Amino acid sequence: MKNYKDLANHYQEALSTLYPPAEIKQLFLMTYAFVTNQNSVHYTLNSTQEITETRVQEFIQVLDELKTGRPIQHILQTADFYGLQLLVNEHTLIPRPETEELVAWIIQEHQNRETLSILDIGTGSGCIALALQKHLPHATVDAIDVQNEALTIARSNAAKLHLSVNFIAADILEWDSFMQPHQQYDIIVSNPPYITPAEQKDMHQNVLLYEPHSALFVEDQAPLLFYDVIAEMGKQHLSPSGNLYFEINQYLGAETCDLLSKKGYTAITLRQDLNQADRMIKASFNPHGD
């Protein structure tokens, strides 16, 4: 292999049984950016430039791990989310574009607020909490996760980005043990586990083998467990004008809306993502019903 174009072709051949061509190209460009600290435009202009064997080996090292199915974000230990570059590893979910859409919705609706209190439940890498803190600088943001390993990553991301988020080790299923009686939030947001075992057959091996199952999966008999628990908590801890925001299972949009309605939530809005899948819900709770 004499140049970067040769390397790109080698990636296509080596990964053809794992990924479609467009995705392989993206994996190569992400590797290119990591190894050379240059973008895809730079690659286009320099694809036939001769490269050293040492540089070739840097690409091959990443490729060898990609061939095992390991996600590139874990290999490079970095993921982009809403303009932030985040540290990720096997203890955190890799942030998805659909979650960026949820964050954009919240920012759009609350960017003119001068005071704002936010709780992010199941924060993982801290992606939602940190993006909201970055773009809603007047907000105070708390974020909880049951996994200490994930919180270590989230705190590292906050320090690297110079953002102030209060990360708390807690289990949302036992929320009444750590929430203060009169504690209230203007926004409670969560992207909780919502994938059922029946859906696993359609998932890529790099998700099943390398991402934390506790952050992905729920039991078939209780697919809305976390939505139920968080909605119940929200009845006590949302401010009178507060909003609940969820990322949801695309196949359970109607069921999730129905759950919220039965708990007394109003102004329930179901939104689709860019792929036209039911993906996000916003709801309000007013205990007085006015």
# chains A, B, ... in the order shown; residues from 1 in each chain; ligands from 1
call {"tool": "residues_around", "arguments": {"residues": "Thr140 (chain A)", "least_positions_apart": "3", "cutoff": "10 Å", "atoms": "only C-alpha atoms", "output": "list in words"}}
result
Thr115, Leu116, Ser117, Ile118, Leu119, Ala129, Leu132, Gln133, Leu136, Pro137, Ser164, Val165, Asn166 and Tyr185 of chain A
call {"tool": "write_last_selection", "arguments": {"atoms": "N, CA, C and O atoms", "output": "mmCIF file, in the first residue's frame"}}
result
data_model
loop_
_atom_site.group_PDB
_atom_site.id
_atom_site.type_symbol
_atom_site.label_atom_id
_atom_site.label_comp_id
_atom_site.auth_asym_id
_atom_site.auth_seq_id
_atom_site.Cartn_x
_atom_site.Cartn_y
_atom_site.Cartn_z
ATOM 1 N N THR A 115 -33.646 30.985 33.831
ATOM 2 C CA THR A 115 -33.348 29.991 34.866
ATOM 3 C C THR A 115 -33.989 28.674 34.457
ATOM 4 O O THR A 115 -35.079 28.653 33.880
ATOM 5 N N LEU A 116 -33.287 27.582 34.742
ATOM 6 C CA LEU A 116 -33.751 26.287 34.274
ATOM 7 C C LEU A 116 -33.060 25.206 35.100
ATOM 8 O O LEU A 116 -31.851 25.252 35.299
ATOM 9 N N SER A 117 -33.830 24.256 35.590
ATOM 10 C CA SER A 117 -33.245 23.113 36.300
ATOM 11 C C SER A 117 -33.563 21.843 35.523
ATOM 12 O O SER A 117 -34.705 21.620 35.121
ATOM 13 N N ILE A 118 -32.544 21.023 35.314
ATOM 14 C CA ILE A 118 -32.656 19.843 34.443
ATOM 15 C C ILE A 118 -32.148 18.614 35.179
ATOM 16 O O ILE A 118 -31.121 18.664 35.867
ATOM 17 N N LEU A 119 -32.866 17.499 35.019
ATOM 18 C CA LEU A 119 -32.404 16.204 35.495
ATOM 19 C C LEU A 119 -32.325 15.246 34.321
ATOM 20 O O LEU A 119 -33.306 15.027 33.618
ATOM 21 N N ALA A 129 -26.735 15.497 29.133
ATOM 22 C CA ALA A 129 -26.535 16.512 30.164
ATOM 23 C C ALA A 129 -25.518 17.566 29.735
ATOM 24 O O ALA A 129 -25.723 18.776 29.924
ATOM 25 N N LEU A 132 -26.812 19.824 26.842
ATOM 26 C CA LEU A 132 -27.786 20.798 27.354
ATOM 27 C C LEU A 132 -27.091 21.891 28.163
ATOM 28 O O LEU A 132 -27.432 23.075 28.051
ATOM 29 N N GLN A 133 -26.110 21.518 28.977
ATOM 30 C CA GLN A 133 -25.376 22.520 29.756
ATOM 31 C C GLN A 133 -24.616 23.478 28.846
ATOM 32 O O GLN A 133 -24.560 24.688 29.102
ATOM 33 N N LEU A 136 -27.501 25.573 27.006
ATOM 34 C CA LEU A 136 -28.405 26.283 27.919
ATOM 35 C C LEU A 136 -27.582 26.673 29.146
ATOM 36 O O LEU A 136 -27.747 26.134 30.242
ATOM 37 N N PRO A 137 -26.660 27.634 28.986
ATOM 38 C CA PRO A 137 -25.664 27.911 30.030
ATOM 39 C C PRO A 137 -26.250 28.394 31.350
ATOM 40 O O PRO A 137 -25.572 28.318 32.388
ATOM 41 N N SER A 164 -20.166 22.296 33.801
ATOM 42 C CA SER A 164 -20.526 21.974 35.174
ATOM 43 C C SER A 164 -21.837 21.199 35.229
ATOM 44 O O SER A 164 -22.916 21.748 35.016
ATOM 45 N N VAL A 165 -21.737 19.914 35.487
ATOM 46 C CA VAL A 165 -22.894 19.051 35.674
ATOM 47 C C VAL A 165 -22.688 18.280 36.972
ATOM 48 O O VAL A 165 -21.583 17.801 37.244
ATOM 49 N N ASN A 166 -23.747 18.164 37.769
ATOM 50 C CA ASN A 166 -23.672 17.417 39.020
ATOM 51 C C ASN A 166 -24.040 15.963 38.753
ATOM 52 O O ASN A 166 -25.209 15.637 38.566
ATOM 53 N N TYR A 185 -37.751 19.955 39.201
ATOM 54 C CA TYR A 185 -37.005 20.234 37.983
ATOM 55 C C TYR A 185 -37.957 20.773 36.910
ATOM 56 O O TYR A 185 -39.099 20.335 36.798
#
call {"tool": "select_by_dssp", "arguments": {"residues": "region 32-97 of chain A", "states": "helix (DSSP H, G or I)", "output": "PyMOL selection string"}}
result
chain A and resi 32-36+40-46+53-66+72-76+97
call {"tool": "atom_distance", "arguments": {"atom1": "CA of Ser190 (chain A)", "atom2": "CA of Ile72 (chain A)"}}
result
25.0 Å
call {"tool": "closest_atom_pairs", "arguments": {"of": "region 68-150 of chain A", "to": "region 10-15 of chain A", "cutoff": "12 Å", "atoms": "only C-alpha atoms", "output": "CSV"}}
result
residue,atom,partner,partner_atom,distance
A:Thr68,CA,A:Leu15,CA,9.7
A:Gly69,CA,A:Leu15,CA,9.3
A:Arg70,CA,A:Leu15,CA,11.9
call {"tool": "write_last_selection", "arguments": {"atoms": "all heavy atoms", "output": "short mmCIF file (atom, residue, chain, number, x, y, z; two decimals), in the first residue's frame"}}
result
data_model
loop_
_atom_site.label_atom_id
_atom_site.label_comp_id
_atom_site.auth_asym_id
_atom_site.auth_seq_id
_atom_site.Cartn_x
_atom_site.Cartn_y
_atom_site.Cartn_z
N THR A 68 -12.99 -7.34 14.20
CA THR A 68 -13.62 -8.13 15.28
C THR A 68 -15.06 -7.68 15.52
O THR A 68 -15.78 -8.32 16.29
CB THR A 68 -12.83 -7.98 16.60
OG1 THR A 68 -13.02 -6.65 17.12
CG2 THR A 68 -11.36 -8.27 16.40
N GLY A 69 -15.47 -6.57 14.89
CA GLY A 69 -16.80 -6.03 15.12
C GLY A 69 -16.84 -4.97 16.19
O GLY A 69 -17.91 -4.41 16.48
N ARG A 70 -15.71 -4.68 16.80
CA ARG A 70 -15.68 -3.66 17.86
C ARG A 70 -16.01 -2.30 17.27
O ARG A 70 -15.49 -1.93 16.20
CB ARG A 70 -14.29 -3.64 18.51
CG ARG A 70 -14.23 -2.81 19.77
CD ARG A 70 -12.85 -2.86 20.39
NE ARG A 70 -12.81 -2.00 21.57
CZ ARG A 70 -11.72 -1.44 22.06
NH1 ARG A 70 -10.55 -1.66 21.47
NH2 ARG A 70 -11.76 -0.67 23.13
#
call {"tool": "closest_residue", "arguments": {"among": "A:Phe167, A:Tyr82, A:Phe226, A:Trp105", "to": "Gly126 (chain A)", "atoms": "only C-alpha atoms"}}
result
A:Phe167
call {"tool": "residues_around", "arguments": {"residues": "Ala254 (chain A)", "least_positions_apart": "2", "cutoff": "12 Å", "atoms": "only C-alpha atoms", "output": "list of chain:residue names"}}
result
A:Leu224, A:Ile248, A:Asn249, A:Gln250, A:Tyr251, A:Leu252, A:Thr256, A:Cys257, A:Asp258, A:Leu259, A:Leu260, A:Ser261, A:Ile268, A:Thr269, A:Leu270, A:Arg271, A:Asp278, A:Arg279, A:Met280, A:Ile281
call {"tool": "select_by_dssp", "arguments": {"residues": "region 14-190 of chain A", "states": "strand (DSSP E or B)", "output": "PyMOL selection string"}}
result
chain A and resi 50+79-81+84-86+116-121+139-145+166-169+185-190
call {"tool": "closest_atom_pairs", "arguments": {"of": "region 99-170 of chain A", "to": "region 230-245 of chain A", "cutoff": "12 Å", "atoms": "only C-alpha atoms", "output": "tab-separated table"}}
result
residue	atom	partner	partner_atom	distance
A:Thr99	CA	A:Tyr245	CA	11.1
A:Glu101	CA	A:Tyr245	CA	11.6
A:Leu102	CA	A:Tyr245	CA	7.9
A:Val103	CA	A:Tyr245	CA	9.4
A:Ala104	CA	A:Tyr245	CA	11.6
A:Trp105	CA	A:Tyr245	CA	9.2
A:Ile106	CA	A:Tyr245	CA	8.0
A:Ile107	CA	A:Tyr245	CA	11.7
A:Glu109	CA	A:Asn243	CA	10.5
A:His110	CA	A:Asn243	CA	10.5
A:Leu116	CA	A:Gly242	CA	9.7
A:Ser117	CA	A:Ser239	CA	9.3
A:Ile118	CA	A:Gly242	CA	9.7
A:Leu119	CA	A:Leu238	CA	9.7
A:Asp120	CA	A:Tyr245	CA	9.6
A:Ile121	CA	A:Ile230	CA	8.5
A:Gly122	CA	A:Ile230	CA	10.8
A:Ile128	CA	A:Tyr245	CA	11.4
call {"tool": "write_last_selection", "arguments": {"atoms": "C-alpha atoms", "output": "PDB file, in the first residue's frame"}}
result
ATOM      1  CA  THR A  99     -30.562  11.399  20.719  1.00  0.00           C
ATOM      2  CA  GLU A 101     -32.605  15.258  17.833  1.00  0.00           C
ATOM      3  CA  LEU A 102     -34.048  14.976  21.347  1.00  0.00           C
ATOM      4  CA  VAL A 103     -31.435  17.421  22.648  1.00  0.00           C
ATOM      5  CA  ALA A 104     -32.160  19.833  19.782  1.00  0.00           C
ATOM      6  CA  TRP A 105     -35.882  19.777  20.655  1.00  0.00           C
ATOM      7  CA  ILE A 106     -35.184  20.693  24.286  1.00  0.00           C
ATOM      8  CA  ILE A 107     -32.724  23.458  23.373  1.00  0.00           C
ATOM      9  CA  GLU A 109     -37.934  25.134  23.335  1.00  0.00           C
ATOM     10  CA  HIS A 110     -35.941  26.447  26.304  1.00  0.00           C
ATOM     11  CA  LEU A 116     -33.751  26.287  34.274  1.00  0.00           C
ATOM     12  CA  SER A 117     -33.245  23.113  36.300  1.00  0.00           C
ATOM     13  CA  ILE A 118     -32.656  19.843  34.443  1.00  0.00           C
ATOM     14  CA  LEU A 119     -32.404  16.204  35.495  1.00  0.00           C
ATOM     15  CA  ASP A 120     -30.921  13.653  33.055  1.00  0.00           C
ATOM     16  CA  ILE A 121     -31.683  10.051  34.001  1.00  0.00           C
ATOM     17  CA  GLY A 122     -29.332   7.283  32.839  1.00  0.00           C
ATOM     18  CA  ILE A 128     -27.404  14.684  26.951  1.00  0.00           C
TER      19      ILE A 128
END
call {"tool": "residues_around", "arguments": {"residues": "Ala150 (chain A)", "least_positions_apart": "4", "cutoff": "8 Å", "atoms": "only C-alpha atoms", "output": "ChimeraX atom specification"}}
result
/A:91-92,124-125,145,154
